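Asker: Got a structure for you, written out below as structure tokens; questions coming shortly.
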Amino acid sequence: MNKAMWCISICLIALSFGARAEEAQMTRLSKITVDAAHLPAYREALAEEVRASMALEPGVLSLYAVFDKEDPTRLTILEIYANRQAYEAHVKSPHFLAYKNGTLHMVTSLELVDVDPLLPALKIK
């Protein structure tokens, strides 16, 4: 194999790995604390945003929100996106921006934790 063919082969291999990395699912936990005075309004805004995202965005695979039973001002959202591009489109969507801007004053803390699922291909039933 000549040098030019070798370089082309290496470039093609590198591109194929890059394409797979772009297509990898993105999974994140959003850990949120909400001011208790705003909890009912926050829950309503979040429910509206989750419904819209799941209905309108094919790249949003899961937005599953759970509230702590002992402290309902604390919640965690399991977010699963088809890939990084789906996540980036999600955070620019009109319904997400309306939720984010409308609840900013209600949130007292936010921690975003990127995670690796044990079984990425496992579907939520």
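Each chain in the structure tokens gets a letter, A, B and so on, in the order shown; residues start at 1 in every chain, and ligands are counted from 1 in the order they appear.
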Leaving out range 33-48 of chain A and any residue of its chain fewer than 4 positions from it, which residues lie within 6 Å of it when counting only C-alpha atoms, given as a PyMOL selection string?

Answerer: chain A and resi 73-74+106-109

Asker: Write out as a Markdown table a residue-level contact list of range 89-110 of chain A versus range 60-65 of chain A with cut-off 12 Å: for each qualifying residue the closest pair of atoms and the distance in Å to one decimal, counting only C-alpha atoms, rows sorted by chain and residue number upward.

Answerer:
```
| residue | atom | partner | partner_atom | distance |
| --- | --- | --- | --- | --- |
| A:Ala89 | CA | A:Val60 | CA | 9.5 |
| A:His90 | CA | A:Val60 | CA | 7.5 |
| A:Val91 | CA | A:Val60 | CA | 10.7 |
| A:Ser93 | CA | A:Val60 | CA | 11.5 |
| A:Phe96 | CA | A:Val60 | CA | 11.8 |
```

Asker: I need the residues from that last selection saved to file as an mmCIF file, in the first residue's frame (with all heavy atoms), if you can.

Answerer:
```
data_model
loop_
_atom_site.group_PDB
_atom_site.id
_atom_site.type_symbol
_atom_site.label_atom_id
_atom_site.label_comp_id
_atom_site.auth_asym_id
_atom_site.auth_seq_id
_atom_site.Cartn_x
_atom_site.Cartn_y
_atom_site.Cartn_z
ATOM 1 N N ALA A 89 -30.440 20.705 20.064
ATOM 2 C CA ALA A 89 -31.689 21.187 19.479
ATOM 3 C C ALA A 89 -32.748 21.376 20.568
ATOM 4 O O ALA A 89 -33.517 22.349 20.543
ATOM 5 C CB ALA A 89 -32.179 20.210 18.411
ATOM 6 N N HIS A 90 -32.778 20.470 21.523
ATOM 7 C CA HIS A 90 -33.752 20.545 22.615
ATOM 8 C C HIS A 90 -33.615 21.838 23.406
ATOM 9 O O HIS A 90 -34.607 22.523 23.661
ATOM 10 C CB HIS A 90 -33.585 19.330 23.542
ATOM 11 C CG HIS A 90 -34.351 19.443 24.813
ATOM 12 N ND1 HIS A 90 -35.725 19.412 24.860
ATOM 13 C CD2 HIS A 90 -33.929 19.581 26.097
ATOM 14 C CE1 HIS A 90 -36.115 19.536 26.114
ATOM 15 N NE2 HIS A 90 -35.049 19.636 26.885
ATOM 16 N N VAL A 91 -32.392 22.187 23.787
ATOM 17 C CA VAL A 91 -32.215 23.372 24.626
ATOM 18 C C VAL A 91 -32.429 24.676 23.852
ATOM 19 O O VAL A 91 -32.493 25.745 24.467
ATOM 20 C CB VAL A 91 -30.850 23.391 25.363
ATOM 21 C CG1 VAL A 91 -30.762 22.221 26.333
ATOM 22 C CG2 VAL A 91 -29.687 23.404 24.398
ATOM 23 N N SER A 93 -35.128 24.768 21.666
ATOM 24 C CA SER A 93 -36.532 24.687 21.254
ATOM 25 C C SER A 93 -37.366 25.746 21.982
ATOM 26 O O SER A 93 -37.066 26.105 23.124
ATOM 27 C CB SER A 93 -37.094 23.293 21.539
ATOM 28 O OG SER A 93 -37.192 23.079 22.937
ATOM 29 N N PHE A 96 -38.706 24.560 25.449
ATOM 30 C CA PHE A 96 -37.700 24.492 26.506
ATOM 31 C C PHE A 96 -37.319 25.896 26.967
ATOM 32 O O PHE A 96 -37.201 26.149 28.174
ATOM 33 C CB PHE A 96 -36.445 23.738 26.067
ATOM 34 C CG PHE A 96 -35.382 23.736 27.134
ATOM 35 C CD1 PHE A 96 -35.451 22.846 28.189
ATOM 36 C CD2 PHE A 96 -34.360 24.671 27.124
ATOM 37 C CE1 PHE A 96 -34.500 22.874 29.217
ATOM 38 C CE2 PHE A 96 -33.405 24.704 28.136
ATOM 39 C CZ PHE A 96 -33.482 23.801 29.183
#
```

Asker: Provide the CA of Leu75 in chain A to CA of Gly102 in chain A distance in Å, to one decimal place.

Answerer: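 Result for CA of Leu75 in chain A versus CA of Gly102 in chain A: 17.5 Å, one decimal.
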
Asker: Per residue of range 4-102 of chain A within 12 Å of range 110-116 of chain A, what are the shortest atom pair and its distance in Å to one decimal, counting only C-alpha atoms, with rows by chain and residue number, as a tab-separated table?

Answerer:
```
residue	atom	partner	partner_atom	distance
A:Ala24	CA	A:Asp116	CA	10.7
A:Gln25	CA	A:Asp116	CA	9.3
A:Met26	CA	A:Asp114	CA	7.8
A:Thr27	CA	A:Val115	CA	5.7
A:Arg28	CA	A:Asp114	CA	4.3
A:Leu29	CA	A:Val113	CA	5.1
A:Ser30	CA	A:Leu112	CA	4.7
A:Lys31	CA	A:Glu111	CA	5.0
A:Ile32	CA	A:Leu110	CA	4.6
A:Thr33	CA	A:Leu110	CA	6.6
A:Val34	CA	A:Leu110	CA	9.0
A:Asp35	CA	A:Leu110	CA	11.9
A:Thr73	CA	A:Leu110	CA	11.9
A:Arg74	CA	A:Leu110	CA	9.9
A:Leu75	CA	A:Leu110	CA	9.9
A:Thr76	CA	A:Glu111	CA	9.4
A:Ile77	CA	A:Leu112	CA	9.6
A:Leu78	CA	A:Val115	CA	9.8
A:Glu79	CA	A:Asp114	CA	9.4
A:Ile80	CA	A:Val115	CA	10.0
A:Tyr81	CA	A:Asp114	CA	11.6
A:Arg84	CA	A:Asp114	CA	11.5
A:Tyr87	CA	A:Asp114	CA	12.0
A:Lys100	CA	A:Leu110	CA	11.7
```

Asker: Give the alpha helix (DSSP H) residues of chain A, as assigned by DSSP on the backbone, as a VMD selection string.

Answerer: chain A and resid 3 to 23 39 to 56 84 to 90 94 to 103

Asker: What is the CA of Tyr99 in chain A to CA of Val50 in chain A distance in Å?

Answerer: 9.5 Å

Asker: Could you name the residues that touch Glu23 in chain A at 9 Å or less, counting only C-alpha atoms, but leaving out those on the same chain fewer than 5 positions away, as a PyMOL selection string?

Answerer: chain A and resi 18+82-85

Asker: If you run DSSP over the backbone, which residues in range 20-94 of chain A end up strand (DSSP E or B)? Put them as a CSV table (one decimal) with N, CA and C atoms, in the first residue's frame.

Answerer:
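Produced file out_29.csv, reproduced below:
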```
chain,number,residue,atom,x,y,z
A,26,MET,N,-26.9,10.4,24.5
A,26,MET,CA,-26.5,11.3,25.6
A,26,MET,C,-27.4,11.1,26.7
A,27,THR,N,-26.9,10.8,27.9
A,27,THR,CA,-27.7,10.6,29.1
A,27,THR,C,-27.3,11.5,30.2
A,28,ARG,N,-28.2,12.2,30.8
A,28,ARG,CA,-27.9,13.2,31.8
A,28,ARG,C,-28.9,13.1,33.0
A,29,LEU,N,-28.4,13.4,34.2
A,29,LEU,CA,-29.3,13.6,35.3
A,29,LEU,C,-29.3,15.1,35.6
A,30,SER,N,-30.5,15.7,35.7
A,30,SER,CA,-30.6,17.1,36.1
A,30,SER,C,-31.2,17.0,37.5
A,31,LYS,N,-30.4,17.5,38.5
A,31,LYS,CA,-30.8,17.5,39.9
A,31,LYS,C,-31.1,19.0,40.2
A,32,ILE,N,-32.4,19.2,40.6
A,32,ILE,CA,-32.9,20.5,40.7
A,32,ILE,C,-33.6,20.7,42.1
A,33,THR,N,-33.4,21.8,42.7
A,33,THR,CA,-34.1,22.2,43.9
A,33,THR,C,-34.9,23.4,43.6
A,34,VAL,N,-36.2,23.4,44.0
A,34,VAL,CA,-37.1,24.5,43.7
A,34,VAL,C,-37.6,25.1,45.0
A,60,VAL,N,-35.5,13.4,21.5
A,60,VAL,CA,-35.7,13.4,23.0
A,60,VAL,C,-36.3,12.0,23.3
A,61,LEU,N,-35.5,11.1,23.8
A,61,LEU,CA,-36.0,9.7,24.1
A,61,LEU,C,-36.6,9.6,25.4
A,62,SER,N,-36.2,10.3,26.4
A,62,SER,CA,-36.8,10.3,27.7
A,62,SER,C,-36.5,11.5,28.5
A,63,LEU,N,-37.6,12.0,29.2
A,63,LEU,CA,-37.5,13.1,30.2
A,63,LEU,C,-38.3,12.6,31.3
A,64,TYR,N,-37.7,11.9,32.3
A,64,TYR,CA,-38.5,11.3,33.3
A,64,TYR,C,-38.1,12.0,34.6
A,65,ALA,N,-39.1,12.7,35.2
A,65,ALA,CA,-38.9,13.5,36.4
A,65,ALA,C,-39.5,12.8,37.6
A,66,VAL,N,-38.7,12.8,38.7
A,66,VAL,CA,-39.1,12.2,39.9
A,66,VAL,C,-38.8,13.2,41.1
A,67,PHE,N,-39.8,13.3,42.0
A,67,PHE,CA,-39.6,14.2,43.1
A,67,PHE,C,-39.3,13.4,44.4
A,74,ARG,N,-37.0,18.9,45.9
A,74,ARG,CA,-35.9,18.3,45.2
A,74,ARG,C,-36.3,17.3,44.2
A,75,LEU,N,-35.9,17.4,43.0
A,75,LEU,CA,-36.3,16.5,41.9
A,75,LEU,C,-35.1,16.1,41.1
A,76,THR,N,-35.2,15.0,40.4
A,76,THR,CA,-34.2,14.6,39.5
A,76,THR,C,-34.9,14.2,38.2
A,77,ILE,N,-34.3,14.6,37.1
A,77,ILE,CA,-34.8,14.3,35.7
A,77,ILE,C,-33.8,13.4,35.0
A,78,LEU,N,-34.3,12.3,34.6
A,78,LEU,CA,-33.5,11.4,33.8
A,78,LEU,C,-33.7,11.8,32.3
A,79,GLU,N,-32.7,12.4,31.7
A,79,GLU,CA,-32.8,12.9,30.3
A,79,GLU,C,-32.0,11.9,29.4
A,80,ILE,N,-32.6,11.4,28.4
A,80,ILE,CA,-31.9,10.6,27.4
A,80,ILE,C,-32.2,11.2,26.0
A,81,TYR,N,-31.2,11.5,25.3
A,81,TYR,CA,-31.3,12.0,23.9
A,81,TYR,C,-30.6,11.1,22.9
```

Asker: Would you work out the distance separating CA of Leu97 in chain A from CA of Lys69 in chain A, expressed in Å to one decimal?

Answerer: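 Separating CA of Leu97 in chain A from CA of Lys69 in chain A is a distance of 27.9 Å.
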